[in-house]
file structure08.txt (compact mmCIF, C-alpha atoms)
# COMPACT_ATOMS: atom_id res chain seq x y z
CA MET A 1 144.15 130.34 126.93
CA GLU A 2 140.38 130.18 127.06
CA ASP A 3 140.30 128.12 130.24
CA VAL A 4 142.21 130.76 132.20
CA SER A 5 139.37 133.25 132.06
CA ARG A 6 136.87 130.45 132.60
CA GLU A 7 138.61 129.37 135.77
CA SER A 8 139.11 132.90 137.05
CA LEU A 9 135.45 133.66 136.48
CA LEU A 10 134.54 130.51 138.39
CA ARG A 11 136.90 131.60 141.16
CA GLU A 12 135.20 135.00 141.32
CA ILE A 13 131.83 133.29 141.68
CA GLN A 14 133.20 131.18 144.52
CA ALA A 15 134.64 134.27 146.21
CA ALA A 16 131.33 136.16 145.93
CA ASP A 17 129.43 133.13 147.25
CA PHE A 18 131.82 132.82 150.17
CA THR A 19 131.37 136.49 151.08
CA ILE A 20 127.59 135.97 150.94
CA ILE A 21 127.81 133.01 153.34
CA GLU A 22 130.03 134.96 155.73
CA LEU A 23 127.68 137.97 155.74
CA ASN A 24 124.73 135.60 156.14
CA LEU A 25 126.23 134.21 159.36
CA TYR A 26 127.22 137.69 160.57
CA LEU A 27 123.78 139.14 159.92
CA ASN A 28 122.11 136.32 161.87
CA THR A 29 123.54 137.95 165.00
CA HIS A 30 123.60 141.55 163.69
CA PRO A 31 120.18 141.91 162.05
CA TYR A 32 120.12 145.71 162.32
CA ASP A 33 123.46 146.34 160.61
CA GLN A 34 122.15 148.31 157.64
CA GLN A 35 125.59 148.81 156.10
CA SER A 36 126.29 145.06 156.09
CA ILE A 37 122.85 144.32 154.67
CA THR A 38 123.62 146.70 151.82
CA ILE A 39 126.96 144.98 151.18
CA TYR A 40 125.17 141.62 151.35
CA ASN A 41 122.54 142.70 148.82
CA ASN A 42 125.19 144.08 146.48
CA MET A 43 127.16 140.84 146.73
CA VAL A 44 124.06 138.74 145.94
CA GLN A 45 123.52 140.90 142.88
CA ARG A 46 127.18 140.53 141.91
CA ALA A 47 127.10 136.73 142.31
CA LYS A 48 123.96 136.60 140.16
CA ALA A 49 125.58 138.72 137.44
CA LEU A 50 128.77 136.63 137.51
CA ARG A 51 126.71 133.43 137.24
CA ASP A 52 124.77 134.82 134.30
CA THR A 53 128.00 135.79 132.56
CA TYR A 54 129.58 132.40 133.23
CA GLU A 55 126.55 130.44 132.03
CA ARG A 56 126.21 132.58 128.92
CA LEU A 57 129.86 131.92 128.03
CA TYR A 58 130.49 128.40 129.27
CA GLY A 59 127.19 126.65 129.95
CA PRO A 60 125.20 125.65 133.01
CA LEU A 61 126.63 125.72 136.55
CA THR A 62 123.80 123.60 137.91
CA ALA A 63 121.51 121.07 136.30
CA ARG A 64 118.36 122.11 138.10
CA PHE A 65 118.52 125.93 138.08
CA SER A 66 120.16 126.78 134.77
CA PHE A 67 118.66 127.21 131.32
CA SER A 68 119.94 124.97 128.54
CA LYS A 69 120.25 125.16 124.79
CA CYS A 70 119.70 122.10 122.63
CA PRO A 71 121.45 119.67 122.83
CA TRP A 72 121.26 119.34 126.63
CA GLN A 73 124.31 121.23 127.85
CA TRP A 74 124.73 119.66 131.26
CA ILE A 75 126.54 116.62 129.86
CA GLU A 76 129.11 118.70 127.97
CA SER A 77 132.76 118.44 128.95
CA PRO A 78 134.79 119.28 130.87
CA TRP A 79 133.52 117.73 134.09
CA PRO A 80 135.02 119.15 137.28
CA TRP A 81 137.58 116.30 137.43
CA GLU A 82 138.65 116.91 133.86
CA TRP A 83 140.24 120.31 134.56
CA GLN A 84 143.84 120.68 133.51
CA ASN A 85 146.19 122.42 135.90
CA MET B 1 143.46 143.94 167.57
CA ASN B 2 143.79 147.52 166.42
CA PHE B 3 140.22 148.53 167.21
CA SER B 4 138.40 149.19 170.43
CA PRO B 5 134.97 147.60 170.09
CA LEU B 6 133.35 149.24 173.09
CA TYR B 7 134.15 152.73 171.92
CA GLY B 8 133.90 152.24 168.18
CA MET B 9 131.45 154.43 166.33
CA ASN B 10 129.91 151.27 164.90
CA LYS B 11 127.76 150.70 167.94
CA LEU B 12 125.77 153.82 167.06
CA ARG B 13 124.21 151.89 164.18
CA TYR B 14 122.31 149.56 166.49
CA PRO B 15 118.88 150.40 167.85
CA TYR B 16 120.04 149.04 171.21
CA PRO B 17 123.53 148.80 172.67
CA MET B 18 125.02 145.34 172.37
CA PRO B 19 127.47 144.66 175.21
CA ILE B 20 130.53 142.71 174.20
CA MET B 21 129.66 140.27 177.02
CA PRO B 22 126.33 139.55 178.76
CA VAL B 23 125.41 142.16 181.35
CA SER B 24 125.32 139.58 184.12
CA PRO B 25 127.70 136.79 183.19
CA GLU B 26 127.21 133.58 185.15
CA LEU B 27 130.12 131.86 186.83
CA ALA B 28 131.22 128.65 185.08
CA HIS B 29 129.38 129.61 181.86
CA ALA B 30 131.30 130.14 178.64
CA TYR B 31 130.56 133.17 176.44
CA VAL B 32 131.54 134.31 173.00
CA PRO B 33 132.25 138.06 172.81
CA TYR B 34 129.90 139.99 170.53
CA GLN B 35 131.52 140.73 167.19
CA TYR B 36 131.80 144.35 166.12
CA TYR B 37 131.94 145.34 162.47
CA THR B 38 135.22 146.84 161.36
CA ARG B 39 135.93 146.36 157.69
CA LEU B 40 135.80 143.44 155.26
CA TYR B 41 138.37 141.74 153.09
CA PRO B 42 137.57 141.85 149.36
CA PRO B 43 135.90 138.60 148.20
CA MET B 44 139.02 137.05 146.65
CA VAL B 45 141.13 137.79 149.73
CA GLY B 46 138.40 136.44 152.00
CA LEU B 47 138.12 133.20 150.04
CA ASP B 48 141.89 132.79 150.28
CA LYS B 49 142.05 133.49 154.02
CA GLY B 50 138.91 131.59 154.98
CA THR B 51 137.12 134.60 156.50
CA ILE B 52 136.07 138.05 155.33
CA PHE B 53 136.51 139.51 158.83
CA PRO B 54 140.04 140.71 159.67
CA GLY B 55 139.29 140.20 163.38
CA LEU B 56 138.68 136.50 162.79
CA ASP B 57 141.72 136.06 160.59
CA ARG B 58 143.98 134.15 162.96
CA PRO B 59 145.84 131.42 161.11
CA TYR B 60 146.60 128.58 163.50
CA GLY B 61 150.25 128.49 164.50
CA LEU B 62 151.07 132.16 163.91
CA ASP B 63 150.12 133.46 167.34
CA PRO B 64 151.83 131.42 170.12
CA GLU B 65 149.10 132.42 172.55
CA TYR B 66 146.51 130.59 170.47
CA THR B 67 148.69 127.65 169.51
CA ILE B 68 148.94 124.52 171.60
CA ASP B 69 151.42 122.40 169.72
CA ALA B 70 153.66 124.85 167.92

call {"tool": "encode", "arguments": {"input": "structure08.txt", "output": "structure tokens"}}
result
Amino acid sequence: MEDVSRESLLREIQAADFTIIELNLYLNTHPYDQQSITIYNNMVQRAKALRDTYERLYGPLTARFSFSKCPWQWIESPWPWEWQN
Amino acid sequence: MNFSPLYGMNKLRYPYPMPIMPVSPELAHAYVPYQYYTRLYPPMVGLDKGTIFPGLDRPYGLDPEYTIDA
């Protein structure tokens, strides 16, 4: 099914974002932890790449920070509440 | 915990030693111990557990010492 890979890609983006937030909080109190900063930077890069892949395959993740083809892609289905489980 | 923060090699990474507690703790003040880096969960595991730090992974109810009503 097409939606399986779409959902798992979305899940990977969420996981990468969550790791970024966690490292963000950690680094606020550990600003000299070079190893963690490297992991943080790699994760930011990974999240960016995953987003690019997702948006190229399935359309915009945000209305304000994503490029759109014509017609305007933001209003395309499915909306988040239209997912099938 | 299976690591000893005060003697871990991790502290060598810091330009100054960070004590796990303030050097002169005040009576009646509450402190949070300084967190030492150990290892991280992979992103998917972290998202599932709610933290990427194994040391902070303490699901409520599992450890009787940290559970009030279980």

call {"tool": "atom_distance", "arguments": {"input": "structure08.txt", "atom1": "atom CA of Leu40 of chain B", "atom2": "atom CA of Ser8 of chain A"}}
result
21.3 Å

call {"tool": "closest_residue", "arguments": {"input": "structure08.txt", "among": "A:Ser77, A:Asn24, A:Gln34, A:Gln14", "to": "Gly59 of chain A", "atoms": "only C-alpha atoms"}}
result
A:Ser77

call {"tool": "interface_residues", "arguments": {"input": "structure08.txt", "of": "chain B", "to": "chain A", "cutoff": "6 Å", "atoms": "all atoms listed in the file", "output": "PyMOL selection string"}}
result
chain B and resi 43-44+47

call {"tool": "residues_near_point", "arguments": {"input": "structure08.txt", "point": "(133.7, 141.8, 167.4)", "cutoff": "9 Å", "atoms": "all atoms listed in the file", "output": "list of chain:residue names"}}
result
B:Pro5, B:Ile20, B:Pro33, B:Tyr34, B:Gln35, B:Tyr36, B:Tyr37, B:Thr38, B:Gly55, B:Leu56

call {"tool": "atom_distance", "arguments": {"input": "structure08.txt", "atom1": "atom CA of Asn41 of chain A", "atom2": "atom CA of Pro59 of chain B"}}
result
28.7 Å

call {"tool": "atom_distance", "arguments": {"input": "structure08.txt", "atom1": "atom CA of Ile52 of chain B", "atom2": "atom CA of Tyr40 of chain A"}}
result
12.1 Å

call {"tool": "residues_around", "arguments": {"input": "structure08.txt", "residues": "Arg6 of chain A", "least_positions_apart": "3", "cutoff": "12 Å", "atoms": "only C-alpha atoms", "output": "mmCIF file with C-alpha atoms, in the coordinates of the input"}}
result
data_model
loop_
_atom_site.group_PDB
_atom_site.id
_atom_site.type_symbol
_atom_site.label_atom_id
_atom_site.label_comp_id
_atom_site.auth_asym_id
_atom_site.auth_seq_id
_atom_site.Cartn_x
_atom_site.Cartn_y
_atom_site.Cartn_z
ATOM 1 C CA MET A 1 144.150 130.340 126.930
ATOM 2 C CA GLU A 2 140.380 130.180 127.060
ATOM 3 C CA ASP A 3 140.300 128.120 130.240
ATOM 4 C CA LEU A 9 135.450 133.660 136.480
ATOM 5 C CA LEU A 10 134.540 130.510 138.390
ATOM 6 C CA ARG A 11 136.900 131.600 141.160
ATOM 7 C CA GLU A 12 135.200 135.000 141.320
ATOM 8 C CA ILE A 13 131.830 133.290 141.680
ATOM 9 C CA LEU A 50 128.770 136.630 137.510
ATOM 10 C CA ARG A 51 126.710 133.430 137.240
ATOM 11 C CA THR A 53 128.000 135.790 132.560
ATOM 12 C CA TYR A 54 129.580 132.400 133.230
ATOM 13 C CA GLU A 55 126.550 130.440 132.030
ATOM 14 C CA ARG A 56 126.210 132.580 128.920
ATOM 15 C CA LEU A 57 129.860 131.920 128.030
ATOM 16 C CA TYR A 58 130.490 128.400 129.270
ATOM 17 C CA GLY A 59 127.190 126.650 129.950
ATOM 18 C CA LEU A 61 126.630 125.720 136.550
ATOM 19 C CA PRO A 78 134.790 119.280 130.870
ATOM 20 C CA TRP A 83 140.240 120.310 134.560
#

call {"tool": "axis_aligned_box", "arguments": {"input": "structure08.txt", "around": "segment 28-44 of chain B", "padding_each_side": "8 Å", "output": "lines of an AutoDock Vina configuration file"}}
result
center_x = 134.2
center_y = 137.7
center_z = 165.9
size_x = 25.6
size_y = 34.2
size_z = 54.4

call {"tool": "decode", "arguments": {"input": "structure08.txt", "residues": "segment 60-72 of chain A", "atoms": "N, CA and C atoms", "output": "PDB file, in the first residue's frame"}}
result
ATOM      1  N   PRO A  60       3.269  19.190   0.366  1.00  0.00           N
ATOM      2  CA  PRO A  60       3.791  20.043   1.436  1.00  0.00           C
ATOM      3  C   PRO A  60       3.449  19.540   2.839  1.00  0.00           C
ATOM      4  N   LEU A  61       4.397  19.715   3.764  1.00  0.00           N
ATOM      5  CA  LEU A  61       4.163  19.413   5.173  1.00  0.00           C
ATOM      6  C   LEU A  61       3.665  20.644   5.918  1.00  0.00           C
ATOM      7  N   THR A  62       4.027  21.813   5.419  1.00  0.00           N
ATOM      8  CA  THR A  62       3.548  23.055   6.014  1.00  0.00           C
ATOM      9  C   THR A  62       3.065  23.958   4.890  1.00  0.00           C
ATOM     10  N   ALA A  63       2.184  24.902   5.247  1.00  0.00           N
ATOM     11  CA  ALA A  63       1.678  25.805   4.222  1.00  0.00           C
ATOM     12  C   ALA A  63       2.623  26.983   4.012  1.00  0.00           C
ATOM     13  N   ARG A  64       3.372  27.339   5.023  1.00  0.00           N
ATOM     14  CA  ARG A  64       4.150  28.568   4.966  1.00  0.00           C
ATOM     15  C   ARG A  64       5.606  28.333   4.570  1.00  0.00           C
ATOM     16  N   PHE A  65       6.120  27.115   4.708  1.00  0.00           N
ATOM     17  CA  PHE A  65       7.549  26.908   4.465  1.00  0.00           C
ATOM     18  C   PHE A  65       7.811  25.795   3.455  1.00  0.00           C
ATOM     19  N   SER A  66       6.808  25.484   2.632  1.00  0.00           N
ATOM     20  CA  SER A  66       6.994  24.457   1.617  1.00  0.00           C
ATOM     21  C   SER A  66       6.706  25.061   0.246  1.00  0.00           C
ATOM     22  N   PHE A  67       7.419  24.552  -0.771  1.00  0.00           N
ATOM     23  CA  PHE A  67       7.123  24.976  -2.130  1.00  0.00           C
ATOM     24  C   PHE A  67       5.895  24.246  -2.632  1.00  0.00           C
ATOM     25  N   SER A  68       5.193  24.813  -3.604  1.00  0.00           N
ATOM     26  CA  SER A  68       3.994  24.173  -4.138  1.00  0.00           C
ATOM     27  C   SER A  68       3.997  24.186  -5.655  1.00  0.00           C
ATOM     28  N   LYS A  69       3.495  23.099  -6.234  1.00  0.00           N
ATOM     29  CA  LYS A  69       3.200  23.106  -7.658  1.00  0.00           C
ATOM     30  C   LYS A  69       1.861  23.778  -7.861  1.00  0.00           C
ATOM     31  N   CYS A  70       1.452  23.912  -9.130  1.00  0.00           N
ATOM     32  CA  CYS A  70       0.122  24.396  -9.438  1.00  0.00           C
ATOM     33  C   CYS A  70      -0.723  23.200  -9.894  1.00  0.00           C
ATOM     34  N   PRO A  71      -1.913  22.983  -9.412  1.00  0.00           N
ATOM     35  CA  PRO A  71      -2.649  23.825  -8.451  1.00  0.00           C
ATOM     36  C   PRO A  71      -2.099  23.734  -7.027  1.00  0.00           C
ATOM     37  N   TRP A  72      -2.426  24.726  -6.235  1.00  0.00           N
ATOM     38  CA  TRP A  72      -2.019  24.852  -4.832  1.00  0.00           C
ATOM     39  C   TRP A  72      -2.201  23.531  -4.107  1.00  0.00           C
TER      40      TRP A  72
END
